[in-house]
Structure formats: structure tokens, C-alpha cells
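As stored in structure-v8.tsv (TSV, C-alpha atoms and all ligand atoms):
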chain	number	residue	atom	x	y	z
A	102	MET	CA	17.13	3.82	-24.74
A	103	LYS	CA	18.50	4.78	-21.30
A	104	ILE	CA	16.22	4.74	-18.26
A	105	LEU	CA	17.06	6.16	-14.84
A	106	VAL	CA	15.40	4.27	-11.96
A	107	ILE	CA	14.85	6.20	-8.74
A	108	ASN	CA	13.92	4.61	-5.41
A	109	ALA	CA	13.54	7.44	-2.88
A	110	GLY	CA	13.27	6.60	0.83
A	111	SER	CA	12.87	9.01	3.73
A	112	SER	CA	16.59	9.72	4.16
A	113	SER	CA	18.11	7.78	1.28
A	114	LEU	CA	17.80	7.59	-2.49
A	115	LYS	CA	18.97	4.66	-4.61
A	116	TYR	CA	19.38	4.94	-8.37
A	117	GLN	CA	20.39	2.93	-11.42
A	118	LEU	CA	20.92	4.03	-14.99
A	119	ILE	CA	20.06	1.14	-17.30
A	120	ASP	CA	20.73	0.73	-21.01
A	121	MET	CA	17.47	-0.86	-22.14
A	122	THR	CA	18.92	-2.23	-25.39
A	123	THR	CA	21.22	-4.59	-23.48
A	124	GLU	CA	19.58	-4.27	-20.02
A	125	ASN	CA	23.08	-3.57	-18.66
A	126	VAL	CA	23.49	-1.29	-15.65
A	127	ILE	CA	25.52	1.74	-16.80
A	128	ALA	CA	25.72	3.32	-13.34
A	129	LYS	CA	24.31	2.63	-9.91
A	130	GLY	CA	24.49	4.47	-6.65
A	131	ALA	CA	22.89	5.69	-3.48
A	132	VAL	CA	22.64	8.90	-1.53
A	133	GLU	CA	22.47	8.35	2.23
A	134	ARG	CA	21.60	10.58	5.20
A	135	ILE	CA	19.55	13.13	3.22
A	136	GLY	CA	18.60	15.94	5.62
A	137	ILE	CA	20.98	14.58	8.28
A	138	VAL	CA	24.55	15.76	8.95
A	139	GLY	CA	27.12	13.67	7.09
A	140	SER	CA	25.20	12.97	3.87
A	141	PHE	CA	27.13	11.34	1.03
A	142	LEU	CA	26.72	9.84	-2.43
A	143	LYS	CA	28.30	6.57	-3.52
A	144	GLN	CA	28.33	5.72	-7.23
A	145	LYS	CA	29.63	2.75	-9.19
A	146	VAL	CA	30.30	2.90	-12.94
A	147	GLY	CA	31.87	-0.32	-14.22
A	148	ASP	CA	34.51	-1.10	-11.57
A	149	LYS	CA	35.09	2.59	-10.72
A	150	GLU	CA	33.60	3.63	-7.38
A	151	LYS	CA	33.31	7.23	-6.20
A	152	VAL	CA	32.16	8.66	-2.88
A	153	ILE	CA	31.15	12.34	-2.60
A	154	ASN	CA	30.67	13.76	0.90
A	155	LYS	CA	28.33	16.75	0.83
A	156	ASP	CA	25.63	17.94	3.23
A	157	LEU	CA	22.26	17.66	1.49
A	158	ALA	CA	19.25	19.38	3.03
A	159	ASN	CA	16.56	17.65	0.97
A	160	HIS	CA	15.72	15.32	-1.94
A	161	LYS	CA	16.10	18.10	-4.52
A	162	GLU	CA	19.72	18.63	-3.47
A	163	ALA	CA	20.24	14.86	-3.50
A	164	ILE	CA	18.84	14.50	-7.05
A	165	THR	CA	20.94	17.45	-8.25
A	166	LEU	CA	24.05	15.72	-6.86
A	167	VAL	CA	23.05	12.44	-8.55
A	168	PHE	CA	22.79	14.24	-11.90
A	169	CYS	CA	26.22	15.90	-11.36
A	170	ALA	CA	27.73	12.49	-10.52
A	171	LEU	CA	26.18	10.84	-13.60
A	172	VAL	CA	27.63	13.45	-16.01
A	173	ASP	CA	30.96	13.96	-14.23
A	174	LYS	CA	33.81	13.90	-16.77
A	175	GLU	CA	36.09	11.85	-14.54
A	176	PHE	CA	33.85	9.27	-12.83
A	177	GLY	CA	30.45	9.76	-14.53
A	178	ALA	CA	28.64	7.53	-17.02
A	179	ILE	CA	27.10	9.89	-19.60
A	180	GLN	CA	27.93	13.25	-21.20
A	181	ASP	CA	24.59	14.97	-20.67
A	182	MET	CA	21.33	14.29	-18.80
A	183	LYS	CA	19.58	14.68	-22.17
A	184	GLU	CA	20.82	11.15	-22.89
A	185	VAL	CA	18.30	9.88	-20.29
A	186	ASP	CA	15.14	9.00	-22.20
A	187	ALA	CA	12.88	8.37	-19.21
A	188	VAL	CA	12.79	8.03	-15.43
A	189	GLY	CA	11.09	5.16	-13.59
A	190	HIS	CA	10.10	5.93	-9.99
A	191	ARG	CA	9.32	3.34	-7.36
A	192	VAL	CA	6.16	4.45	-5.53
A	193	VAL	CA	4.97	2.47	-2.52
A	194	HIS	CA	1.21	3.01	-2.61
A	195	SER	CA	-1.35	3.31	-5.40
A	196	GLY	CA	-4.39	3.10	-3.14
A	197	GLU	CA	-7.30	1.83	-5.24
A	198	ASP	CA	-6.51	4.39	-7.94
A	199	PHE	CA	-3.97	2.60	-10.16
A	200	ASN	CA	-3.62	-1.06	-11.02
A	201	LYS	CA	-0.59	-0.62	-13.29
A	202	THR	CA	2.37	1.61	-14.06
A	203	VAL	CA	1.30	5.11	-15.10
A	204	LEU	CA	2.88	8.07	-16.82
A	205	LEU	CA	3.31	11.06	-14.52
A	206	ASN	CA	1.08	14.10	-15.07
A	207	ALA	CA	-0.52	16.70	-12.81
A	208	GLU	CA	-3.62	14.57	-12.13
A	209	VAL	CA	-1.51	11.50	-11.22
A	210	MET	CA	0.57	13.65	-8.86
A	211	LYS	CA	-2.62	14.93	-7.18
A	212	ILE	CA	-3.78	11.34	-6.58
A	213	CYS	CA	-0.38	10.34	-5.18
A	214	LYS	CA	-0.58	13.23	-2.71
A	215	LYS	CA	-4.08	12.15	-1.67
A	216	ASN	CA	-2.65	8.67	-0.95
A	217	ILE	CA	0.03	9.94	1.45
A	218	GLU	CA	-2.33	9.05	4.32
A	219	LEU	CA	-2.16	5.37	3.30
A	220	ALA	CA	1.65	5.23	3.62
A	221	PRO	CA	2.77	8.27	5.61
A	222	LEU	CA	6.26	6.85	6.21
A	223	HIS	CA	7.03	6.20	2.53
A	224	MET	CA	4.90	8.35	0.21
A	225	PRO	CA	6.31	11.78	1.18
A	226	ALA	CA	9.82	10.60	0.25
A	227	ASN	CA	8.61	9.02	-3.02
A	228	ILE	CA	6.85	12.26	-3.94
A	229	ALA	CA	9.85	14.39	-2.95
A	230	GLY	CA	12.00	12.26	-5.30
A	231	ILE	CA	9.53	12.74	-8.18
A	232	GLU	CA	9.21	16.49	-7.61
A	233	ALA	CA	12.98	16.91	-7.40
A	234	CYS	CA	13.37	15.10	-10.76
A	235	LEU	CA	10.59	17.19	-12.30
A	236	GLU	CA	12.34	20.41	-11.37
A	237	VAL	CA	15.63	19.38	-12.88
A	238	MET	CA	14.32	17.52	-15.98
A	239	PRO	CA	10.75	18.78	-16.57
A	240	ASN	CA	10.49	17.45	-20.13
A	241	THR	CA	11.61	13.86	-19.51
A	242	PRO	CA	8.77	11.28	-19.34
A	243	MET	CA	8.42	9.61	-15.96
A	244	GLY	CA	6.78	6.28	-15.14
A	245	LEU	CA	5.43	5.58	-11.65
A	246	VAL	CA	5.73	1.90	-10.70
A	247	PHE	CA	3.66	1.03	-7.63
A	248	ASP	CA	4.53	-1.66	-5.04
A	249	THR	CA	0.82	-2.36	-4.65
A	250	ALA	CA	-0.17	-2.57	-8.35
A	251	PHE	CA	0.43	-6.31	-8.87
A	252	HIS	CA	-1.97	-7.00	-5.98
A	253	ALA	CA	-4.80	-4.94	-7.50
A	254	SER	CA	-6.14	-8.24	-8.90
A	255	LEU	CA	-6.93	-9.67	-5.45
A	256	PRO	CA	-10.57	-10.78	-5.29
A	257	LYS	CA	-12.72	-8.83	-2.86
A	258	HIS	CA	-13.12	-11.76	-0.45
A	259	ALA	CA	-9.31	-11.82	-0.14
A	260	TYR	CA	-8.69	-8.11	0.37
A	261	MET	CA	-11.55	-7.23	2.74
A	262	TYR	CA	-11.05	-7.19	6.52
A	263	GLY	CA	-13.80	-8.27	8.88
A	264	ILE	CA	-14.62	-4.73	9.95
A	265	LYS	CA	-17.70	-2.59	9.20
A	266	TYR	CA	-18.25	-2.36	5.45
A	267	GLU	CA	-18.66	1.41	5.56
A	268	ASP	CA	-15.17	1.76	7.04
A	269	TYR	CA	-13.85	0.14	3.85
A	270	GLU	CA	-16.04	2.47	1.76
A	271	ASN	CA	-15.22	5.65	3.68
A	272	TYR	CA	-11.58	5.12	4.60
A	273	LYS	CA	-10.40	2.49	2.10
A	274	ILE	CA	-9.29	0.17	4.91
A	275	ARG	CA	-8.45	-3.09	3.11
A	276	LYS	CA	-5.51	-5.32	2.24
A	277	TYR	CA	-3.25	-3.73	-0.42
A	278	GLY	CA	-0.10	-5.87	-0.32
A	279	PHE	CA	3.45	-4.73	-1.09
A	280	HIS	CA	6.64	-5.94	-2.88
A	281	GLY	CA	4.36	-6.29	-5.95
A	282	THR	CA	7.11	-5.40	-8.44
A	283	SER	CA	9.22	-8.26	-7.08
A	284	HIS	CA	6.38	-10.82	-6.87
A	285	LYS	CA	5.43	-10.03	-10.48
A	286	TYR	CA	9.03	-10.16	-11.74
A	287	VAL	CA	9.91	-13.50	-10.10
A	288	SER	CA	6.58	-15.19	-10.91
A	289	GLN	CA	6.92	-14.21	-14.58
A	290	ASN	CA	10.53	-15.44	-14.64
A	291	ALA	CA	9.43	-18.74	-13.06
A	292	ILE	CA	6.70	-19.16	-15.69
A	293	ALA	CA	9.23	-18.51	-18.48
A	294	TYR	CA	11.92	-20.75	-16.93
A	295	LEU	CA	9.58	-23.71	-16.40
A	296	LYS	CA	7.87	-23.08	-19.75
A	297	LEU	CA	4.56	-23.15	-17.89
A	298	GLU	CA	1.62	-21.76	-19.69
A	299	GLY	CA	1.05	-18.44	-17.89
A	300	LYS	CA	-2.71	-19.05	-18.09
A	301	ASN	CA	-2.43	-22.40	-16.37
A	302	SER	CA	-0.06	-22.05	-13.45
A	303	LYS	CA	-0.18	-21.96	-9.64
A	304	ILE	CA	2.85	-20.29	-8.10
A	305	ILE	CA	3.64	-19.22	-4.53
A	306	THR	CA	6.33	-16.52	-4.33
A	307	CYS	CA	8.23	-15.94	-1.08
A	308	HIS	CA	9.96	-12.53	-1.08
A	309	LEU	CA	12.11	-12.87	2.06
A	310	GLY	CA	14.29	-9.87	2.90
A	311	ASN	CA	14.33	-7.15	5.54
A	312	GLY	CA	10.62	-7.04	4.83
A	313	SER	CA	9.01	-10.35	3.83
A	314	SER	CA	5.82	-11.25	2.03
A	315	ILE	CA	4.28	-14.32	0.42
A	316	SER	CA	1.96	-14.21	-2.62
A	317	ALA	CA	-0.36	-16.65	-4.38
A	318	VAL	CA	-0.11	-16.15	-8.15
A	319	LYS	CA	-2.63	-18.14	-10.18
A	320	ASN	CA	-2.50	-18.03	-13.99
A	321	GLY	CA	-0.03	-15.13	-13.77
A	322	VAL	CA	-2.41	-13.05	-11.63
A	323	CYS	CA	-2.03	-12.32	-7.91
A	324	MET	CA	-4.85	-13.89	-5.84
A	325	ASP	CA	-3.64	-13.18	-2.31
A	326	THR	CA	-0.66	-11.81	-0.43
A	327	SER	CA	0.49	-11.77	3.19
A	328	MET	CA	1.08	-8.05	3.76
A	329	GLY	CA	-2.01	-5.97	4.39
A	330	PHE	CA	-3.18	-2.40	4.81
A	331	THR	CA	0.46	-1.67	5.67
A	332	PRO	CA	3.73	-3.63	5.32
A	333	LEU	CA	3.53	-4.52	9.03
A	334	ALA	CA	1.20	-7.47	8.38
A	335	GLY	CA	2.00	-11.06	7.43
A	336	VAL	CA	4.97	-13.11	8.67
A	337	LEU	CA	7.29	-11.74	11.33
A	338	MET	CA	10.23	-9.94	9.73
A	339	GLY	CA	13.60	-8.40	10.64
A	340	THR	CA	12.12	-5.93	13.13
A	341	ARG	CA	8.39	-6.07	12.28
A	342	SER	CA	6.00	-8.20	14.29
A	343	GLY	CA	3.85	-9.40	11.37
A	344	ASP	CA	0.31	-10.52	12.26
A	345	ILE	CA	-0.67	-10.28	15.92
A	346	ASP	CA	-3.99	-10.22	17.75
A	347	PRO	CA	-5.06	-6.55	17.43
A	348	ALA	CA	-6.09	-6.47	21.10
A	349	ILE	CA	-2.39	-6.77	22.03
A	350	ILE	CA	-1.94	-3.16	20.93
A	351	GLU	CA	-4.23	-1.77	23.62
A	352	PHE	CA	-2.67	-4.13	26.19
A	353	LEU	CA	0.79	-2.78	25.24
A	354	THR	CA	-0.32	0.83	25.64
A	355	ILE	CA	-1.43	0.00	29.19
A	356	LYS	CA	1.47	-2.21	30.27
A	357	LYS	CA	4.30	-0.22	28.66
A	358	ASN	CA	2.64	3.19	28.94
A	359	PHE	CA	2.87	3.63	25.17
A	360	THR	CA	0.96	6.13	23.08
A	361	MET	CA	-0.67	4.55	20.02
A	362	GLN	CA	2.16	5.92	17.85
A	363	GLN	CA	4.79	4.43	20.17
A	364	ALA	CA	3.03	1.06	20.07
A	365	ILE	CA	3.05	1.00	16.25
A	366	ASN	CA	6.66	2.18	16.17
A	367	TYR	CA	7.53	-0.67	18.58
A	368	LEU	CA	5.79	-3.23	16.35
A	369	ASN	CA	7.63	-1.88	13.28
A	370	LYS	CA	11.11	-1.37	14.69
A	371	GLU	CA	11.69	-3.45	17.83
A	372	CYS	CA	9.93	-6.75	17.18
A	373	GLY	CA	10.23	-9.53	14.59
A	374	VAL	CA	13.26	-11.84	14.73
A	375	TYR	CA	15.21	-9.01	16.36
A	376	GLY	CA	12.73	-8.72	19.22
A	377	ILE	CA	12.50	-12.49	19.70
A	378	SER	CA	16.25	-13.15	19.58
A	379	GLY	CA	17.51	-9.95	21.20
A	380	VAL	CA	20.50	-10.46	18.87
A	381	SER	CA	19.95	-8.93	15.43
A	382	SER	CA	17.53	-8.49	12.55
A	383	ASP	CA	20.13	-9.92	10.16
A	384	PHE	CA	19.63	-13.62	9.48
A	385	ARG	CA	23.38	-14.23	9.16
A	386	ASP	CA	23.87	-13.05	12.76
A	387	LEU	CA	20.94	-15.19	13.93
A	388	PHE	CA	22.39	-18.30	12.31
A	389	THR	CA	25.79	-17.67	13.95
A	390	ALA	CA	24.14	-17.08	17.34
A	391	MET	CA	22.08	-20.28	16.99
A	392	LYS	CA	25.25	-22.26	16.19
A	393	GLU	CA	26.79	-20.82	19.37
A	394	GLY	CA	23.84	-22.19	21.35
A	395	ASN	CA	21.58	-19.13	21.53
A	396	LYS	CA	18.10	-20.64	21.99
A	397	ARG	CA	16.20	-17.44	21.26
A	398	ALA	CA	18.00	-16.99	17.93
A	399	LYS	CA	17.01	-20.58	17.08
A	400	LEU	CA	13.41	-19.85	18.10
A	401	ALA	CA	13.30	-16.70	15.92
A	402	LEU	CA	14.45	-18.68	12.86
A	403	GLU	CA	11.95	-21.46	13.58
A	404	MET	CA	9.08	-18.99	14.01
A	405	PHE	CA	9.95	-17.29	10.71
A	406	ALA	CA	10.02	-20.59	8.79
A	407	TYR	CA	6.85	-21.89	10.51
A	408	GLN	CA	4.85	-18.77	9.63
A	409	ILE	CA	5.97	-18.97	5.98
A	410	LYS	CA	4.96	-22.67	5.91
A	411	LYS	CA	1.46	-21.75	7.13
A	412	TYR	CA	1.03	-19.16	4.35
A	413	ILE	CA	2.14	-21.74	1.79
A	414	GLY	CA	-0.49	-24.17	3.11
A	415	ALA	CA	-3.16	-21.46	3.02
A	416	TYR	CA	-2.30	-20.45	-0.54
A	417	VAL	CA	-2.24	-24.04	-1.82
A	418	ALA	CA	-5.81	-24.24	-0.47
A	419	ALA	CA	-6.74	-20.86	-2.02
A	420	MET	CA	-5.43	-21.92	-5.47
A	421	ASN	CA	-6.48	-25.58	-5.22
A	422	GLY	CA	-2.88	-26.69	-5.85
A	423	ILE	CA	0.68	-25.59	-6.46
A	424	ASP	CA	3.04	-26.05	-9.43
A	425	CYS	CA	5.95	-24.03	-8.17
A	426	LEU	CA	7.32	-22.46	-4.98
A	427	VAL	CA	9.70	-19.52	-5.51
A	428	PHE	CA	12.24	-18.09	-3.07
A	429	THR	CA	13.65	-14.60	-3.66
A	430	ALA	CA	15.30	-11.51	-2.03
A	431	GLY	CA	18.17	-11.40	0.50
A	432	ILE	CA	17.07	-14.30	2.70
A	433	GLY	CA	15.14	-16.25	0.04
A	434	GLU	CA	18.13	-16.24	-2.34
A	435	ASN	CA	20.93	-16.73	0.20
A	436	ASP	CA	19.72	-18.49	3.34
A	437	ASP	CA	19.78	-22.24	2.74
A	438	TYR	CA	18.89	-22.95	6.40
A	439	ILE	CA	15.59	-21.03	6.19
A	440	ARG	CA	14.76	-22.64	2.83
A	441	SER	CA	15.41	-26.10	4.28
A	442	LEU	CA	13.18	-25.39	7.32
A	443	VAL	CA	10.35	-24.04	5.14
A	444	CYS	CA	10.47	-27.03	2.78
A	445	LYS	CA	10.83	-29.69	5.51
A	446	ASP	CA	7.88	-32.08	5.86
A	447	MET	CA	5.99	-30.60	2.92
A	448	GLU	CA	5.74	-33.79	0.83
A	449	CYS	CA	1.95	-33.55	1.17
A	450	PHE	CA	2.20	-30.59	-1.25
A	451	GLY	CA	4.70	-32.36	-3.54
A	452	ILE	CA	7.51	-30.19	-2.14
A	453	ASP	CA	10.72	-32.21	-1.80
A	454	ILE	CA	14.07	-30.43	-2.20
A	455	ASP	CA	17.58	-31.72	-2.81
A	456	LEU	CA	19.45	-30.57	0.32
A	457	GLU	CA	22.84	-30.55	-1.43
A	458	GLU	CA	21.55	-28.38	-4.27
A	459	ASN	CA	19.90	-26.14	-1.66
A	460	LYS	CA	23.33	-25.42	-0.12
A	461	MET	CA	24.95	-24.33	-3.42
A	462	ARG	CA	25.56	-20.65	-4.12
A	463	LYS	CA	24.76	-19.42	-7.64
A	464	ASN	CA	23.48	-16.04	-8.64
A	465	SER	CA	21.00	-17.26	-11.21
A	466	ILE	CA	17.59	-18.88	-11.46
A	467	ARG	CA	17.74	-22.58	-10.49
A	468	GLU	CA	15.77	-25.61	-9.32
A	469	LEU	CA	16.06	-27.03	-5.79
A	470	ASN	CA	13.47	-29.80	-6.13
A	471	LYS	CA	14.42	-33.45	-6.54
A	472	PRO	CA	14.05	-34.58	-10.18
A	473	ASN	CA	10.77	-36.43	-9.67
A	474	SER	CA	9.12	-34.19	-7.08
A	475	LYS	CA	5.68	-32.97	-8.13
A	476	THR	CA	6.16	-29.33	-7.22
A	477	LYS	CA	9.05	-27.27	-8.59
A	478	VAL	CA	11.00	-25.26	-6.03
A	479	LEU	CA	13.01	-22.39	-7.53
A	480	ILE	CA	15.38	-19.67	-6.43
A	481	VAL	CA	14.65	-16.70	-8.68
A	482	PRO	CA	16.91	-13.66	-8.05
A	483	THR	CA	14.77	-10.56	-7.91
A	484	ASN	CA	15.72	-7.31	-9.65
A	485	GLU	CA	13.23	-4.59	-8.80
A	486	GLU	CA	15.22	-1.87	-10.58
A	487	LEU	CA	15.25	-3.77	-13.88
A	488	ALA	CA	11.53	-4.53	-13.44
A	489	ILE	CA	10.82	-0.80	-12.92
A	490	ALA	CA	12.89	0.10	-15.99
A	491	ARG	CA	11.06	-2.53	-18.11
A	492	GLU	CA	7.66	-1.28	-16.94
A	493	THR	CA	8.65	2.31	-17.79
A	494	LYS	CA	9.95	1.28	-21.21
A	495	ALA	CA	6.73	-0.63	-21.95
A	496	LEU	CA	4.70	2.43	-20.98
A	497	LEU	CA	6.59	4.64	-23.44
A	498	GLN	CA	6.21	2.17	-26.25
B	1	LIG	P1	16.90	-7.55	1.26
B	1	LIG	O1	15.90	-6.74	2.03
B	1	LIG	O2	16.30	-8.33	0.15
B	1	LIG	O3	18.11	-6.74	0.83
B	1	LIG	O4	17.47	-8.64	2.29
B	1	LIG	C1	18.27	-8.27	3.37
B	1	LIG	C2	18.40	-9.43	4.35
B	1	LIG	O5	18.87	-10.60	3.67
B	1	LIG	C3	19.44	-9.18	5.44
B	1	LIG	O6	18.87	-8.55	6.53
B	1	LIG	C4	19.90	-10.56	5.80
B	1	LIG	O7	19.15	-11.00	6.90
B	1	LIG	C5	19.57	-11.43	4.61
B	1	LIG	N1	20.76	-11.99	3.97
B	1	LIG	C6	21.56	-11.41	3.06
B	1	LIG	N2	22.58	-12.24	2.72
B	1	LIG	C7	22.40	-13.36	3.44
B	1	LIG	C8	23.11	-14.61	3.55
B	1	LIG	N3	24.21	-14.85	2.83
B	1	LIG	N4	22.64	-15.53	4.40
B	1	LIG	C9	21.52	-15.30	5.13
B	1	LIG	N5	20.81	-14.15	5.06
B	1	LIG	C10	21.24	-13.20	4.25
Exercise: express the given structure as C-alpha cells:
Amino acid sequence: MKILVINAGSSSLKYQLIDMTTENVIAKGAVERIGIVGSFLKQKVGDKEKVINKDLANHKEAITLVFCALVDKEFGAIQDMKEVDAVGHRVVHSGEDFNKTVLLNAEVMKICKKNIELAPLHMPANIAGIEACLEVMPNTPMGLVFDTAFHASLPKHAYMYGIKYEDYENYKIRKYGFHGTSHKYVSQNAIAYLKLEGKNSKIITCHLGNGSSISAVKNGVCMDTSMGFTPLAGVLMGTRSGDIDPAIIEFLTIKKNFTMQQAINYLNKECGVYGISGVSSDFRDLFTAMKEGNKRAKLALEMFAYQIKKYIGAYVAAMNGIDCLVFTAGIGENDDYIRSLVCKDMECFGIDIDLEENKMRKNSIRELNKPNSKTKVLIVPTNEELAIARETKALLQ
């Protein structure tokens, strides 16, 4: 069985074709600058890489080019698109409508369109990607895998905000959480690796990348997560502020003469470790700047680690314990400095890592904790595309 995974963003579209018998990636690629001058597709099949420069006005043109690249006689991966058994789409928001992966049909599409208002930056692109696929391969089954679905299990006292109850009822203002596909994938891998009984486990997963979120996963089920109504909430991130006092927003509109939209754009794109350091949103650049004596870069890294620490403490309390702490995504898997800051002085939770092991680079699941420390600390590489393909396969079976 071959499954095509599509992750459509506003001006980009990433894809992977996966052979589900072996779980090997047959082809992977990305289309960048959709709707902007200078669009191009980059595809990798084995060690062959191909770049196609072609102006693409919209997602339909991008998908059509992806299909041409996949079946190209010279640099493609398959003979015919009929070889693709199913498509798995990443969809950011399920609202309160879906708590698991669903098969696409007209009713599901209608609900997705209704939920555009919950994620206006992401949902239109996700839907454009689905519609473009539908036009070109109308008879191929498609699974929709939602970023929010793993968090549908949050208890009500965890997902409600302290605002008027009718505003939750009327407008669905509540915590949804994001990165759910990754939190589910790495927590399940941790359970399997440690041979924990899924029904008796307390895991905290730290997905630390351009966007970062922390989740409490008890007995295999998500109990709480740091992102909220939108992915702006939680710890500070590359360019996102994370949690702030909401009254700051009005203060900003007065002091900086912002409209509400400008204030939210500022909190999404100009803040986080980038805003604090004034250097970069990339943690490699921040580490270099800190080593060169840049105090604000050092502060940004310390704030990031401190905020993660506080979520860990909160989630140990929420779960009444912790068996395992998991680091994943670009920073979680690669940044030993951040991991060491987060795990420093956490013996009260049984967290005690081997600093030499922490510095090693391996691209596989591994333990960082000292042999006799009470709590396991793992690096679990995430693979959202494989998780989406597995969910889609399970749906078809
Ligand atoms: P992601 O969103 O998961 O792709 O993560 C992207 C982020 O991971 C980048 O912005 C970097 O800050 C960070 N990152 C990637 N590689 C490294 C590395 N070797 N050391 C530190 N941070 C890294």
C-alpha cells in the first residue's frame, strides 16, 4: 500500500510518498512560494534530487506539478498516480467536531469549512490542498489527520478558560492544543520503548521546534497541553510570545498605535526568542551569540528553558507523578544546551540526566537519564508524516 501525505501551508506544500509495507519513504518534496513569483518544486527520490522552477498561481497548480514530478519517467518515483492507494492530509483544526482521523466526504468538508474561523491562517491552505487533490484524483480515499485530535481527551476543567460560560457555548472559545500528531506519536513510541503499560503511565512530551508545546499524557491519553485556542499560547517560541497577560494587548495598541490585527501579528511574528534576543529565532544562532557574549541571547534561552520547566512542574502535579519526560522536534532532538537547562535542578521530580549522553548525536530513540534515576528522560525523534500515513492506513483497514 502506498500513501501520499500532504501538508499544505499558506504558500508552501510538503509531501511524502510512503510505502506502508516497509514504511520507507519512496519520494519526498516541497513546493515553495505558491502564489508568489519564483515558485519551485524540490523533490528527492532515493539520492536523486530535482528542482523544477515554475510559477504556480494556486494550490491546484502546485498539486498538479507534484503529481507530474511523482510520475516523471526520469526523476519520478512511480509509473502512474493510480499506484497511490490513499492520501493523508494534515489539517490543523478539528474544532469540537472530530476527535480522531476521519475519511473525507462532503459532510466532513462542510465542517472543515465551518472551522476556518478557528484557524484562519492555516485552514484555508489545508482545504485548498484537499480540494486540489480531489479534483485531480476524485476516487482516491483521503484521510484527514487533525493537529488538535489527540487533545480532544482533555477534561473540561483543563480546556475551559475563565471567561463567561456562554462565550464557550456560543463561540467555542476554549483550549484546543496543537502538534497533537507529534505528541501522540512520541508518547506511544516512549511507551513501547520503555515497555510501560500504556494504561499505567505518566509521560510529559516536549515538542520543541519553531513552534513549541508541552503535553501531559496519562495512561496514553492527553490530559493537558500548553497551546490554547490558537498556537500562540504556551511557552515563548521562535517568534511567538507564548502566554502573556491579556491586558498587554490593549496597552500595545495604545503605546505602539497598533490595530488589534497588528498587535496579534506582532505577538506571532516579532516576539519570542527572536524579540528578546534581537538576533534570530533559530536556536543555533542564539547559542552562537550567547557564546560571543550576547546577554539577550542568553536571556532568551534561559526564559525558554524556565517556561518549559514550569509546565513540567504543573503537569507532574496534574498527573500526580511522572514516569518519563520526552524531548522531540528540531530543538528537543538537537539542542543539548536547552535540554540540560530544562533538566537542571529537577531531582525533586526524579529527573537526573547524564550530561555526556545528553551531548551525543544519534538519530534514534534513546535514554538520557542516569541508570538509577527515577524518571526516564528520552529523546524520541518525531515523524509527523509517518504518523499521518499510519493513521490513514488504519482508517482504511
Ligand atoms: P522544527 O520546527 O521541528 O523543524 O524545528 C526547527 C528549529 O529547530 C530551528 O528553528 C532551530 O532553532 C532548531 N534546531 C534545528 N537543529 C538544531 C541544532 N542542531 N541545534 C539547536 N537547534 C536546532
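Separating atom CA of Arg191 of chain A from atom CA of Gly329 of chain A is a distance of 18.8 Å.
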Please enclose the listed atoms of segment 295-303 of chain A in an axis-aligned box, pad each side by 4 Å, and write out the centre and the three edge lengths in Å, rounded to one decimal, as JSON.
{"center_x": 3.4, "center_y": -21.1, "center_z": -14.7, "size_x": 20.3, "size_y": 13.3, "size_z": 18.1}
Neighbourhood of ligand LIG 1 (chain B) at 9 Å, counting all atoms listed in the file, reported as a VMD selection string: chain A and resid 308 to 313 339 381 to 388 429 to 439 483
Determine, counting all atoms listed in the file, which protein, DNA and RNA residues have an atom within 12 Å of an atom of segment 144-156 of chain A; residues of the same chain fewer than 4 positions away are not included. Present the result as an mmCIF file with C-alpha atoms, keeping the file's coordinate frame.
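What landed in out-v1.cif:
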data_model
loop_
_atom_site.group_PDB
_atom_site.id
_atom_site.type_symbol
_atom_site.label_atom_id
_atom_site.label_comp_id
_atom_site.auth_asym_id
_atom_site.auth_seq_id
_atom_site.Cartn_x
_atom_site.Cartn_y
_atom_site.Cartn_z
ATOM 1 C CA LEU A 114 17.800 7.590 -2.490
ATOM 2 C CA LYS A 115 18.970 4.660 -4.610
ATOM 3 C CA TYR A 116 19.380 4.940 -8.370
ATOM 4 C CA GLN A 117 20.390 2.930 -11.420
ATOM 5 C CA LEU A 118 20.920 4.030 -14.990
ATOM 6 C CA ILE A 119 20.060 1.140 -17.300
ATOM 7 C CA ASN A 125 23.080 -3.570 -18.660
ATOM 8 C CA VAL A 126 23.490 -1.290 -15.650
ATOM 9 C CA ILE A 127 25.520 1.740 -16.800
ATOM 10 C CA ALA A 128 25.720 3.320 -13.340
ATOM 11 C CA LYS A 129 24.310 2.630 -9.910
ATOM 12 C CA GLY A 130 24.490 4.470 -6.650
ATOM 13 C CA ALA A 131 22.890 5.690 -3.480
ATOM 14 C CA VAL A 132 22.640 8.900 -1.530
ATOM 15 C CA GLU A 133 22.470 8.350 2.230
ATOM 16 C CA ARG A 134 21.600 10.580 5.200
ATOM 17 C CA ILE A 135 19.550 13.130 3.220
ATOM 18 C CA GLY A 136 18.600 15.940 5.620
ATOM 19 C CA ILE A 137 20.980 14.580 8.280
ATOM 20 C CA VAL A 138 24.550 15.760 8.950
ATOM 21 C CA GLY A 139 27.120 13.670 7.090
ATOM 22 C CA SER A 140 25.200 12.970 3.870
ATOM 23 C CA HIS A 160 15.720 15.320 -1.940
ATOM 24 C CA GLU A 162 19.720 18.630 -3.470
ATOM 25 C CA ALA A 163 20.240 14.860 -3.500
ATOM 26 C CA THR A 165 20.940 17.450 -8.250
ATOM 27 C CA LEU A 166 24.050 15.720 -6.860
ATOM 28 C CA VAL A 167 23.050 12.440 -8.550
ATOM 29 C CA PHE A 168 22.790 14.240 -11.900
ATOM 30 C CA CYS A 169 26.220 15.900 -11.360
ATOM 31 C CA ALA A 170 27.730 12.490 -10.520
ATOM 32 C CA LEU A 171 26.180 10.840 -13.600
ATOM 33 C CA VAL A 172 27.630 13.450 -16.010
ATOM 34 C CA ASP A 173 30.960 13.960 -14.230
ATOM 35 C CA GLU A 175 36.090 11.850 -14.540
ATOM 36 C CA PHE A 176 33.850 9.270 -12.830
ATOM 37 C CA GLY A 177 30.450 9.760 -14.530
ATOM 38 C CA ALA A 178 28.640 7.530 -17.020
ATOM 39 C CA ILE A 179 27.100 9.890 -19.600
#
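Interatomic distance, atom CA of Tyr277 of chain A against atom CA of Val478 of chain A: 26.4 Å.
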For atom CA of Lys201 of chain A and atom CA of Tyr272 of chain A, the interatomic separation in Å (one decimal): 21.8 Å
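All protein, DNA and RNA residues at most 8 Å from (2.8, -26.9, -2.9) are Ile305, Ile413, Gly414, Val417, Gly422, Ile423, Asp424, Cys425, Leu426, Met447, Cys449, Phe450, Gly451, Ile452 and Thr476 of chain A, using all atoms listed in the file.
Distance check against Glu448 of chain A using only C-alpha atoms: of A:Ser465, A:Asn473, A:Ser314, A:Thr493, the minimum falls on A:Asn473.
Residue nearest Ala415 of chain A within the list A:Ser283, A:Ile292, A:Ser112, A:Thr326: A:Thr326 [criterion: smallest interatomic distance, only C-alpha atoms].
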Pro225 of chain A surroundings by all atoms listed in the file, 9 Å radius, close-in-sequence under 6 positions cut, as a PyMOL selection string: chain A and resi 110-111+214+217
Polymer residues at most 7 Å from segment 251-254 of chain A, only C-alpha atoms, same-chain spacing of 2 or more positions, as number ranges by chain: A: 200, 249, 256, 277-278, 281-282, 285, 322-324
